[in-house]
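Here the structure is laid out as structure tokens; the discussion comes afterwards.
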Amino acid sequence: MKVLVTGGCGFIGSHVCEFYRNMEWDVVSYDSMTKFELSKTGYDLDLVRNFNWDYLEKIGVKRVKKDIRDLDDLLAEADGCDFIVHTAAQPAMTLSMEEPWLDLTTNLIGTYNVLETARQIKVPVVNCSSIHVYGTGINETIREEETRYIRTPAGIAEDHELMTGNITPLHASKMAAEHYVRMFTDTFGVRAATFRLTGLYGTRQFGGEDHGWVANFTIKAAIGRPVTVFNTGKQLRDILFAPDVCHAFHSFYENPVPGTYNIGGGEKTMISLIECIEYLGELAGGPVEVHFGGERFGDLYYFVCNSSKAKKTLGWEAQTEPRDGIKALYDWAVENRRVFGA
């Protein structure tokens with residue numbers, strides 16, 4: 001069996017590649033290797049950008065340095081594949097506002113090309129979307145407690161109102177891509193799914209202030225640097241450990257029922273920013289220094305998934321508790337301190 005993973009040298013893509021290599025599949029990582037999304041992290045860009053590339057080489061993954069915005073190249077590399085996992089994206093809301101054309105072409109044209117590739121070679125495909133398509137209107141439905149914002153009922157399902165509140169280029173590109181996924185299913189019969197992914201975290205994630213907040217906080221705690229928190233820190237998320245989402249992708253491969261699925265941990269994995277930082281202090285053996293910034297345009301204060309559709313249809317649910325996943329990420333960050341300039 002053979003799988004093509006777009007964005008395969010990125011955080012989640014590298015875990016998908018590893019997952020399928022462990023199953024002894026042939027794996028192609030298709031990645032442009034851009035440094036744009038890492039430019040504000042403050043880490044050694046060459047070490048960070050090549051970290052997953054080198055790791056995938058060690059485990060026998062074919063690595064292709066090309067752009068998903070080139071359909072001919074994508075079709076050539078997809079030849080003989082049985083499945084496509086589309087993780088390549090411009091992932092950050094802040095960067096989407098700085099470079100809206102990059103956001104549009106990567107997230108929409110790139111996704112179109114992936115879907116067209118799946119149509120031509122007749123294989124199932126999963127597109128990675130985002131909980132941001134629900135919009136910031138959710139912020140108006142929450143109430144404040146000591147360490148977190150909460151909402152009743154907690155879980156937000158796929159039929160919740162979309163694109164509420166303030167909309168950024170990232171919201172627009174992700175939502176437009178979802179429409180194209182549905183169109184390819186309805187019009188061309190492609191076995192395609194959209195996964196609305198909640199807060200992903202795990203090893204080999206080089207999170208910064210623009211995206212990947214769990215990794216950002218964990219890396220800073222591991223190397224003894226202060227954490228910057230925007231808003232109050234009471235923002236609440238259900239976070240999802242990388243190996244768990246890999247199982248979700250494979251669940252769709254085994255039962256490719258087209259549709260849109262929330263993929264998150266739900267109430268059992270929800271944690272506020274403050275609670276995460278407090279736990280990191282336990283791991284670090286002392287409190288983490290925190291600097292508070294102001295509110296940021298387009299930020300969600302709350303999101304907890306209702307993933308019952310994925311459980312019922314795909315037979316998938318998250319397994320990893322936050323304390324276990326964050327501990328694994330922290331240990332990895334300590335082991336790789338040099339990459340972060342420590």
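Numbering starts fresh at 1 for the residues of each chain in the structure tokens, the chains themselves are lettered A, B, ... in the order given, and ligands are numbered from 1 as they appear.
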
So that I can check the surroundings of A:Leu4, please list as an mmCIF file with all heavy atoms, in the first residue's frame every protein, DNA and RNA residue that reaches within 12 Å of it, counting only C-alpha atoms and ignoring chain neighbours fewer than 5 positions away.
data_model
loop_
_atom_site.group_PDB
_atom_site.id
_atom_site.type_symbol
_atom_site.label_atom_id
_atom_site.label_comp_id
_atom_site.auth_asym_id
_atom_site.auth_seq_id
_atom_site.Cartn_x
_atom_site.Cartn_y
_atom_site.Cartn_z
ATOM 1 N N CYS A 9 6.488 17.014 5.789
ATOM 2 C CA CYS A 9 7.588 17.393 6.669
ATOM 3 C C CYS A 9 7.149 18.402 7.723
ATOM 4 O O CYS A 9 7.973 18.890 8.495
ATOM 5 C CB CYS A 9 8.763 17.958 5.864
ATOM 6 S SG CYS A 9 9.624 16.688 4.919
ATOM 7 N N GLY A 13 1.955 16.235 9.486
ATOM 8 C CA GLY A 13 2.305 15.399 8.340
ATOM 9 C C GLY A 13 3.389 14.395 8.661
ATOM 10 O O GLY A 13 3.343 13.237 8.212
ATOM 11 N N SER A 14 4.379 14.798 9.446
ATOM 12 C CA SER A 14 5.462 13.871 9.785
ATOM 13 C C SER A 14 4.951 12.716 10.634
ATOM 14 O O SER A 14 5.429 11.583 10.523
ATOM 15 C CB SER A 14 6.591 14.615 10.523
ATOM 16 O OG SER A 14 6.246 14.936 11.854
ATOM 17 N N VAL A 16 1.879 11.490 10.392
ATOM 18 C CA VAL A 16 1.150 10.622 9.473
ATOM 19 C C VAL A 16 2.129 9.732 8.701
ATOM 20 O O VAL A 16 1.897 8.518 8.539
ATOM 21 C CB VAL A 16 0.290 11.450 8.504
ATOM 22 C CG1 VAL A 16 -0.434 10.541 7.511
ATOM 23 C CG2 VAL A 16 -0.719 12.294 9.270
ATOM 24 N N CYS A 17 3.230 10.318 8.239
ATOM 25 C CA CYS A 17 4.254 9.531 7.540
ATOM 26 C C CYS A 17 4.787 8.420 8.446
ATOM 27 O O CYS A 17 4.931 7.264 8.018
ATOM 28 C CB CYS A 17 5.400 10.435 7.090
ATOM 29 S SG CYS A 17 4.996 11.576 5.754
ATOM 30 N N TYR A 20 2.238 5.499 8.925
ATOM 31 C CA TYR A 20 2.121 4.547 7.824
ATOM 32 C C TYR A 20 3.412 3.775 7.574
ATOM 33 O O TYR A 20 3.370 2.613 7.129
ATOM 34 C CB TYR A 20 1.620 5.250 6.564
ATOM 35 C CG TYR A 20 0.122 5.480 6.631
ATOM 36 C CD1 TYR A 20 -0.407 6.741 6.886
ATOM 37 C CD2 TYR A 20 -0.751 4.414 6.479
ATOM 38 C CE1 TYR A 20 -1.780 6.927 6.980
ATOM 39 C CE2 TYR A 20 -2.123 4.587 6.571
ATOM 40 C CZ TYR A 20 -2.627 5.847 6.825
ATOM 41 O OH TYR A 20 -3.995 6.009 6.933
ATOM 42 N N ARG A 21 4.556 4.351 7.876
ATOM 43 C CA ARG A 21 5.795 3.573 7.788
ATOM 44 C C ARG A 21 5.770 2.453 8.826
ATOM 45 O O ARG A 21 6.236 1.330 8.558
ATOM 46 C CB ARG A 21 7.018 4.464 8.006
ATOM 47 C CG ARG A 21 7.402 5.305 6.806
ATOM 48 C CD ARG A 21 7.699 4.453 5.578
ATOM 49 N NE ARG A 21 8.850 3.584 5.781
ATOM 50 C CZ ARG A 21 9.002 2.386 5.206
ATOM 51 N NH1 ARG A 21 8.060 1.884 4.431
ATOM 52 N NH2 ARG A 21 10.085 1.677 5.436
ATOM 53 N N TRP A 25 3.762 0.654 4.988
ATOM 54 C CA TRP A 25 3.319 1.219 3.718
ATOM 55 C C TRP A 25 4.495 1.947 3.068
ATOM 56 O O TRP A 25 5.432 2.386 3.746
ATOM 57 C CB TRP A 25 2.197 2.217 3.937
ATOM 58 C CG TRP A 25 0.850 1.651 4.228
ATOM 59 C CD1 TRP A 25 0.543 0.533 4.956
ATOM 60 C CD2 TRP A 25 -0.403 2.207 3.808
ATOM 61 N NE1 TRP A 25 -0.816 0.356 5.029
ATOM 62 C CE2 TRP A 25 -1.421 1.366 4.336
ATOM 63 C CE3 TRP A 25 -0.764 3.326 3.067
ATOM 64 C CZ2 TRP A 25 -2.774 1.630 4.118
ATOM 65 C CZ3 TRP A 25 -2.110 3.586 2.856
ATOM 66 C CH2 TRP A 25 -3.105 2.735 3.369
ATOM 67 N N ASP A 26 4.418 2.120 1.745
ATOM 68 C CA ASP A 26 5.273 3.083 1.065
ATOM 69 C C ASP A 26 4.692 4.469 1.305
ATOM 70 O O ASP A 26 3.472 4.659 1.196
ATOM 71 C CB ASP A 26 5.332 2.800 -0.435
ATOM 72 C CG ASP A 26 6.041 1.496 -0.754
ATOM 73 O OD1 ASP A 26 6.960 1.122 -0.004
ATOM 74 O OD2 ASP A 26 5.666 0.850 -1.750
ATOM 75 N N VAL A 27 5.549 5.421 1.627
ATOM 76 C CA VAL A 27 5.073 6.757 2.011
ATOM 77 C C VAL A 27 5.815 7.811 1.202
ATOM 78 O O VAL A 27 7.050 7.785 1.105
ATOM 79 C CB VAL A 27 5.294 7.017 3.517
ATOM 80 C CG1 VAL A 27 4.820 8.421 3.890
ATOM 81 C CG2 VAL A 27 4.568 5.968 4.364
ATOM 82 N N VAL A 28 5.060 8.740 0.636
ATOM 83 C CA VAL A 28 5.629 9.896 -0.060
ATOM 84 C C VAL A 28 5.257 11.154 0.709
ATOM 85 O O VAL A 28 4.072 11.455 0.893
ATOM 86 C CB VAL A 28 5.111 10.007 -1.509
ATOM 87 C CG1 VAL A 28 5.706 11.242 -2.184
ATOM 88 C CG2 VAL A 28 5.425 8.749 -2.294
ATOM 89 N N SER A 29 6.258 11.881 1.177
ATOM 90 C CA SER A 29 6.050 13.192 1.789
ATOM 91 C C SER A 29 6.224 14.257 0.719
ATOM 92 O O SER A 29 7.290 14.358 0.107
ATOM 93 C CB SER A 29 7.062 13.410 2.920
ATOM 94 O OG SER A 29 7.112 14.785 3.282
ATOM 95 N N TYR A 30 5.186 15.046 0.498
ATOM 96 C CA TYR A 30 5.192 16.084 -0.533
ATOM 97 C C TYR A 30 5.125 17.426 0.175
ATOM 98 O O TYR A 30 4.107 17.761 0.788
ATOM 99 C CB TYR A 30 3.983 15.880 -1.444
ATOM 100 C CG TYR A 30 3.972 16.688 -2.712
ATOM 101 C CD1 TYR A 30 4.330 16.112 -3.922
ATOM 102 C CD2 TYR A 30 3.590 18.022 -2.714
ATOM 103 C CE1 TYR A 30 4.294 16.840 -5.112
ATOM 104 C CE2 TYR A 30 3.562 18.759 -3.874
ATOM 105 C CZ TYR A 30 3.907 18.161 -5.076
ATOM 106 O OH TYR A 30 3.872 18.881 -6.243
ATOM 107 N N ASP A 31 6.213 18.193 0.130
ATOM 108 C CA ASP A 31 6.302 19.399 0.966
ATOM 109 C C ASP A 31 7.182 20.434 0.276
ATOM 110 O O ASP A 31 8.266 20.108 -0.224
ATOM 111 C CB ASP A 31 6.914 19.016 2.326
ATOM 112 C CG ASP A 31 6.646 20.043 3.416
ATOM 113 O OD1 ASP A 31 6.948 21.231 3.199
ATOM 114 O OD2 ASP A 31 6.156 19.651 4.496
ATOM 115 N N VAL A 61 11.073 7.264 4.408
ATOM 116 C CA VAL A 61 10.025 7.974 3.679
ATOM 117 C C VAL A 61 10.628 8.674 2.465
ATOM 118 O O VAL A 61 11.666 9.347 2.582
ATOM 119 C CB VAL A 61 9.323 9.007 4.592
ATOM 120 C CG1 VAL A 61 8.370 9.888 3.787
ATOM 121 C CG2 VAL A 61 8.584 8.304 5.720
ATOM 122 N N LYS A 62 9.992 8.548 1.312
ATOM 123 C CA LYS A 62 10.399 9.315 0.138
ATOM 124 C C LYS A 62 9.984 10.766 0.329
ATOM 125 O O LYS A 62 8.820 11.049 0.594
ATOM 126 C CB LYS A 62 9.750 8.757 -1.132
ATOM 127 C CG LYS A 62 10.108 9.547 -2.384
ATOM 128 C CD LYS A 62 9.393 9.010 -3.622
ATOM 129 C CE LYS A 62 9.733 9.852 -4.848
ATOM 130 N NZ LYS A 62 9.017 9.376 -6.065
ATOM 131 N N ARG A 63 10.935 11.690 0.184
ATOM 132 C CA ARG A 63 10.644 13.102 0.384
ATOM 133 C C ARG A 63 10.740 13.853 -0.939
ATOM 134 O O ARG A 63 11.738 13.729 -1.635
ATOM 135 C CB ARG A 63 11.617 13.706 1.402
ATOM 136 C CG ARG A 63 11.404 13.213 2.834
ATOM 137 C CD ARG A 63 12.720 12.991 3.558
ATOM 138 N NE ARG A 63 13.540 12.037 2.856
ATOM 139 C CZ ARG A 63 14.786 12.268 2.439
ATOM 140 N NH1 ARG A 63 15.374 13.408 2.696
ATOM 141 N NH2 ARG A 63 15.456 11.340 1.782
ATOM 142 N N VAL A 64 9.684 14.603 -1.246
ATOM 143 C CA VAL A 64 9.617 15.363 -2.489
ATOM 144 C C VAL A 64 9.455 16.832 -2.138
ATOM 145 O O VAL A 64 8.501 17.213 -1.451
ATOM 146 C CB VAL A 64 8.428 14.898 -3.353
ATOM 147 C CG1 VAL A 64 8.300 15.767 -4.594
ATOM 148 C CG2 VAL A 64 8.571 13.426 -3.722
ATOM 149 N N ILE A 68 2.221 22.164 -3.592
ATOM 150 C CA ILE A 68 0.895 21.637 -3.939
ATOM 151 C C ILE A 68 0.149 22.534 -4.922
ATOM 152 O O ILE A 68 -0.861 22.116 -5.497
ATOM 153 C CB ILE A 68 0.010 21.402 -2.700
ATOM 154 C CG1 ILE A 68 -0.161 22.691 -1.895
ATOM 155 C CG2 ILE A 68 0.538 20.265 -1.858
ATOM 156 C CD1 ILE A 68 -1.214 22.581 -0.806
ATOM 157 N N LEU A 74 2.104 17.327 -8.608
ATOM 158 C CA LEU A 74 1.352 16.555 -7.624
ATOM 159 C C LEU A 74 0.834 15.255 -8.242
ATOM 160 O O LEU A 74 0.935 14.174 -7.629
ATOM 161 C CB LEU A 74 0.192 17.396 -7.102
ATOM 162 C CG LEU A 74 -0.546 16.898 -5.862
ATOM 163 C CD1 LEU A 74 0.381 16.775 -4.668
ATOM 164 C CD2 LEU A 74 -1.704 17.835 -5.525
ATOM 165 N N LEU A 75 0.294 15.325 -9.450
ATOM 166 C CA LEU A 75 -0.200 14.132 -10.118
ATOM 167 C C LEU A 75 0.916 13.122 -10.367
ATOM 168 O O LEU A 75 0.719 11.909 -10.199
ATOM 169 C CB LEU A 75 -0.860 14.521 -11.443
ATOM 170 C CG LEU A 75 -2.281 15.075 -11.363
ATOM 171 C CD1 LEU A 75 -2.662 15.744 -12.674
ATOM 172 C CD2 LEU A 75 -3.262 13.958 -11.031
ATOM 173 N N ALA A 76 2.077 13.607 -10.730
ATOM 174 C CA ALA A 76 3.190 12.706 -11.005
ATOM 175 C C ALA A 76 3.614 11.937 -9.754
ATOM 176 O O ALA A 76 3.872 10.727 -9.805
ATOM 177 C CB ALA A 76 4.372 13.496 -11.567
ATOM 178 N N GLU A 77 3.658 12.625 -8.630
ATOM 179 C CA GLU A 77 4.107 11.977 -7.394
ATOM 180 C C GLU A 77 3.026 11.096 -6.775
ATOM 181 O O GLU A 77 3.325 10.195 -5.994
ATOM 182 C CB GLU A 77 4.559 13.030 -6.381
ATOM 183 C CG GLU A 77 5.766 13.829 -6.814
ATOM 184 C CD GLU A 77 7.001 12.977 -7.041
ATOM 185 O OE1 GLU A 77 7.092 11.877 -6.444
ATOM 186 O OE2 GLU A 77 7.872 13.401 -7.824
ATOM 187 N N ALA A 78 1.774 11.326 -7.136
ATOM 188 C CA ALA A 78 0.676 10.538 -6.574
ATOM 189 C C ALA A 78 0.454 9.226 -7.315
ATOM 190 O O ALA A 78 -0.354 8.396 -6.860
ATOM 191 C CB ALA A 78 -0.614 11.351 -6.593
ATOM 192 N N ASP A 79 1.149 9.032 -8.408
ATOM 193 C CA ASP A 79 0.956 7.825 -9.205
ATOM 194 C C ASP A 79 1.159 6.568 -8.356
ATOM 195 O O ASP A 79 2.171 6.428 -7.663
ATOM 196 C CB ASP A 79 1.938 7.817 -10.381
ATOM 197 C CG ASP A 79 1.723 6.643 -11.305
ATOM 198 O OD1 ASP A 79 0.573 6.415 -11.720
ATOM 199 O OD2 ASP A 79 2.708 5.938 -11.595
ATOM 200 N N GLY A 80 0.180 5.682 -8.377
ATOM 201 C CA GLY A 80 0.282 4.427 -7.644
ATOM 202 C C GLY A 80 -0.142 4.496 -6.195
ATOM 203 O O GLY A 80 -0.092 3.477 -5.484
ATOM 204 N N CYS A 81 -0.586 5.668 -5.732
ATOM 205 C CA CYS A 81 -1.002 5.811 -4.336
ATOM 206 C C CYS A 81 -2.394 5.236 -4.111
ATOM 207 O O CYS A 81 -3.237 5.226 -5.013
ATOM 208 C CB CYS A 81 -0.978 7.275 -3.917
ATOM 209 S SG CYS A 81 0.686 7.910 -3.642
ATOM 210 N N ASP A 82 -2.625 4.795 -2.882
ATOM 211 C CA ASP A 82 -3.924 4.257 -2.485
ATOM 212 C C ASP A 82 -4.728 5.224 -1.615
ATOM 213 O O ASP A 82 -5.911 5.000 -1.388
ATOM 214 C CB ASP A 82 -3.720 2.959 -1.695
ATOM 215 C CG ASP A 82 -2.988 1.907 -2.504
ATOM 216 O OD1 ASP A 82 -3.621 1.298 -3.376
ATOM 217 O OD2 ASP A 82 -1.782 1.717 -2.272
ATOM 218 N N PHE A 83 -4.077 6.278 -1.140
ATOM 219 C CA PHE A 83 -4.712 7.181 -0.174
ATOM 220 C C PHE A 83 -3.927 8.481 -0.172
ATOM 221 O O PHE A 83 -2.700 8.486 -0.357
ATOM 222 C CB PHE A 83 -4.676 6.537 1.215
ATOM 223 C CG PHE A 83 -5.408 7.270 2.322
ATOM 224 C CD1 PHE A 83 -6.561 7.998 2.078
ATOM 225 C CD2 PHE A 83 -4.944 7.188 3.638
ATOM 226 C CE1 PHE A 83 -7.232 8.644 3.096
ATOM 227 C CE2 PHE A 83 -5.605 7.820 4.674
ATOM 228 C CZ PHE A 83 -6.754 8.554 4.405
ATOM 229 N N ILE A 84 -4.637 9.608 0.023
ATOM 230 C CA ILE A 84 -3.984 10.913 0.168
ATOM 231 C C ILE A 84 -4.437 11.540 1.473
ATOM 232 O O ILE A 84 -5.635 11.637 1.750
ATOM 233 C CB ILE A 84 -4.324 11.863 -0.999
ATOM 234 C CG1 ILE A 84 -3.864 11.279 -2.337
ATOM 235 C CG2 ILE A 84 -3.676 13.230 -0.773
ATOM 236 C CD1 ILE A 84 -4.284 12.111 -3.543
ATOM 237 N N VAL A 85 -3.472 11.976 2.271
ATOM 238 C CA VAL A 85 -3.755 12.742 3.483
ATOM 239 C C VAL A 85 -3.209 14.151 3.252
ATOM 240 O O VAL A 85 -1.992 14.338 3.109
ATOM 241 C CB VAL A 85 -3.118 12.105 4.728
ATOM 242 C CG1 VAL A 85 -3.429 12.947 5.964
ATOM 243 C CG2 VAL A 85 -3.613 10.683 4.923
ATOM 244 N N HIS A 86 -4.104 15.111 3.221
ATOM 245 C CA HIS A 86 -3.748 16.486 2.844
ATOM 246 C C HIS A 86 -3.590 17.352 4.094
ATOM 247 O O HIS A 86 -4.566 17.886 4.628
ATOM 248 C CB HIS A 86 -4.835 17.050 1.926
ATOM 249 C CG HIS A 86 -4.635 18.480 1.526
ATOM 250 N ND1 HIS A 86 -3.397 19.018 1.232
ATOM 251 C CD2 HIS A 86 -5.529 19.508 1.381
ATOM 252 C CE1 HIS A 86 -3.530 20.293 0.921
ATOM 253 N NE2 HIS A 86 -4.811 20.615 1.007
ATOM 254 N N THR A 87 -2.347 17.473 4.553
ATOM 255 C CA THR A 87 -2.067 18.300 5.729
ATOM 256 C C THR A 87 -1.397 19.617 5.379
ATOM 257 O O THR A 87 -1.259 20.479 6.252
ATOM 258 C CB THR A 87 -1.183 17.549 6.753
ATOM 259 O OG1 THR A 87 0.167 17.484 6.279
ATOM 260 C CG2 THR A 87 -1.708 16.156 7.032
ATOM 261 N N ALA A 88 -0.942 19.780 4.139
ATOM 262 C CA ALA A 88 -0.252 21.014 3.750
ATOM 263 C C ALA A 88 -1.201 22.201 3.856
ATOM 264 O O ALA A 88 -2.350 22.133 3.427
ATOM 265 C CB ALA A 88 0.269 20.897 2.325
ATOM 266 N N VAL A 114 -5.188 18.958 -4.806
ATOM 267 C CA VAL A 114 -5.180 17.665 -4.113
ATOM 268 C C VAL A 114 -6.455 16.883 -4.434
ATOM 269 O O VAL A 114 -6.416 15.675 -4.704
ATOM 270 C CB VAL A 114 -5.026 17.869 -2.595
ATOM 271 C CG1 VAL A 114 -5.261 16.561 -1.841
ATOM 272 C CG2 VAL A 114 -3.644 18.431 -2.253
ATOM 273 N N THR A 117 -6.339 15.598 -7.932
ATOM 274 C CA THR A 117 -5.440 14.445 -7.985
ATOM 275 C C THR A 117 -6.156 13.184 -7.507
ATOM 276 O O THR A 117 -6.083 12.125 -8.145
ATOM 277 C CB THR A 117 -4.190 14.709 -7.127
ATOM 278 O OG1 THR A 117 -3.485 15.833 -7.660
ATOM 279 C CG2 THR A 117 -3.271 13.504 -7.114
ATOM 280 N N ALA A 118 -6.871 13.295 -6.386
ATOM 281 C CA ALA A 118 -7.625 12.145 -5.875
ATOM 282 C C ALA A 118 -8.682 11.693 -6.879
ATOM 283 O O ALA A 118 -8.932 10.487 -7.034
ATOM 284 C CB ALA A 118 -8.270 12.504 -4.545
ATOM 285 N N ILE A 121 -6.825 9.782 -9.862
ATOM 286 C CA ILE A 121 -6.254 8.467 -9.556
ATOM 287 C C ILE A 121 -7.226 7.580 -8.774
ATOM 288 O O ILE A 121 -6.911 6.452 -8.424
ATOM 289 C CB ILE A 121 -4.912 8.592 -8.813
ATOM 290 C CG1 ILE A 121 -5.091 9.184 -7.417
ATOM 291 C CG2 ILE A 121 -3.925 9.407 -9.641
ATOM 292 C CD1 ILE A 121 -3.802 9.197 -6.599
ATOM 293 N N VAL A 123 -8.755 7.653 -5.598
ATOM 294 C CA VAL A 123 -8.429 7.205 -4.240
ATOM 295 C C VAL A 123 -9.127 8.099 -3.225
ATOM 296 O O VAL A 123 -9.474 9.248 -3.531
ATOM 297 C CB VAL A 123 -6.903 7.223 -3.973
ATOM 298 C CG1 VAL A 123 -6.184 6.316 -4.947
ATOM 299 C CG2 VAL A 123 -6.344 8.647 -4.016
ATOM 300 N N PRO A 124 -9.343 7.611 -2.002
ATOM 301 C CA PRO A 124 -9.917 8.466 -0.951
ATOM 302 C C PRO A 124 -8.915 9.516 -0.488
ATOM 303 O O PRO A 124 -7.693 9.323 -0.570
ATOM 304 C CB PRO A 124 -10.250 7.474 0.172
ATOM 305 C CG PRO A 124 -9.386 6.292 -0.076
ATOM 306 C CD PRO A 124 -9.161 6.223 -1.556
ATOM 307 N N VAL A 125 -9.452 10.621 0.018
ATOM 308 C CA VAL A 125 -8.610 11.739 0.445
ATOM 309 C C VAL A 125 -9.248 12.411 1.647
ATOM 310 O O VAL A 125 -10.472 12.545 1.736
ATOM 311 C CB VAL A 125 -8.410 12.753 -0.712
ATOM 312 C CG1 VAL A 125 -9.742 13.272 -1.242
ATOM 313 C CG2 VAL A 125 -7.521 13.913 -0.283
ATOM 314 N N VAL A 126 -8.400 12.827 2.594
ATOM 315 C CA VAL A 126 -8.852 13.621 3.742
ATOM 316 C C VAL A 126 -8.228 14.999 3.660
ATOM 317 O O VAL A 126 -7.006 15.140 3.491
ATOM 318 C CB VAL A 126 -8.464 12.968 5.079
ATOM 319 C CG1 VAL A 126 -8.843 13.887 6.237
ATOM 320 C CG2 VAL A 126 -9.158 11.628 5.253
#

Those in stretch 18-162 of chain A with strand (DSSP E or B) from DSSP, as JSON, numbers by chain | {"A": [26, 27, 28, 29, 30, 31, 62, 63, 64, 65, 83, 84, 85, 86, 125, 126, 127, 128, 129, 130, 135, 143, 144, 149, 150, 156]}

Close residues, stretch 195-201 of chain A itself excluded, 7 Å, only C-alpha atoms, min 3 positions apart in chain, as number ranges by chain = A: 126-131, 205, 212, 214-215, 237-242, 260-264

Do you know which residues are at most 8 Å from stretch 142-159 of chain A counting only C-alpha atoms, after dropping those on the same chain fewer than 4 positions away, and could you put them as number ranges by chain?
-> A: 138, 233-236, 260-262, 266-267, 272, 274-275, 301-307

Neighbours of A:Gly165 within 10 Å (only C-alpha atoms; same-chain residues fewer than 2 positions away dropped), as a list of chain:residue names?
->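 Returned residues: A:Tyr134, A:Gly135, A:Thr136, A:Gly137, A:Ile138, A:Asn139, A:Glu140, A:Leu162, A:Met163, A:Ile167, A:Thr168, A:Gly298.
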
So how far away is atom CA of A:Tyr55 from atom CA of A:Lys2, in Å?
->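 Atom-to-atom, atom CA of A:Lys2 and atom CA of A:Tyr55 are spaced 19.0 Å apart.
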
Report the distance between atom CA of A:His250 and atom CA of A:Thr111 in Å, rounded to one decimal place.
->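 Rounded to one decimal, the two atoms are 19.4 Å apart.
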
Determine, counting only C-alpha atoms, which protein, DNA and RNA residues have an atom within 8 Å of an atom of A:Thr185; residues of the same chain fewer than 6 positions away are not included. Present the result as a list in words.
-> Arg191, Ala192 and Pro258 of chain A

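We find atom CA of A:Pro91 and atom CA of A:Phe188 to be spaced 27.6 Å apart.
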
Using the chain letters and numbers from this document, which residues of stretch 213-249 of chain A does DSSP assign to helix (DSSP H, G or I), as a PyMOL selection string?
-> chain A and resi 213-223+242-249

Quick one: of A:Gly259, A:Pro169, A:Gly224, A:Gly8, who's nearest to A:Asp186, counting only C-alpha atoms?
->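 The shortest atom-to-atom distance to A:Asp186 comes from A:Gly259.
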
Excluding same-chain residues fewer than 3 positions from A:Thr320, what lies within 9 Å of it counting only C-alpha atoms, as a list in words?
->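 Selected residues are Leu240, Phe241, Pro243, Asp244, Gly265, Thr269, Arg323, Asp324 and Gly325 of chain A.
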
Between A:Trp213, A:Tyr279, A:Phe249, A:Tyr180, single out the one closest to A:Glu317, counting only C-alpha atoms.
->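 Smallest distance to A:Glu317 is found for A:Phe249.
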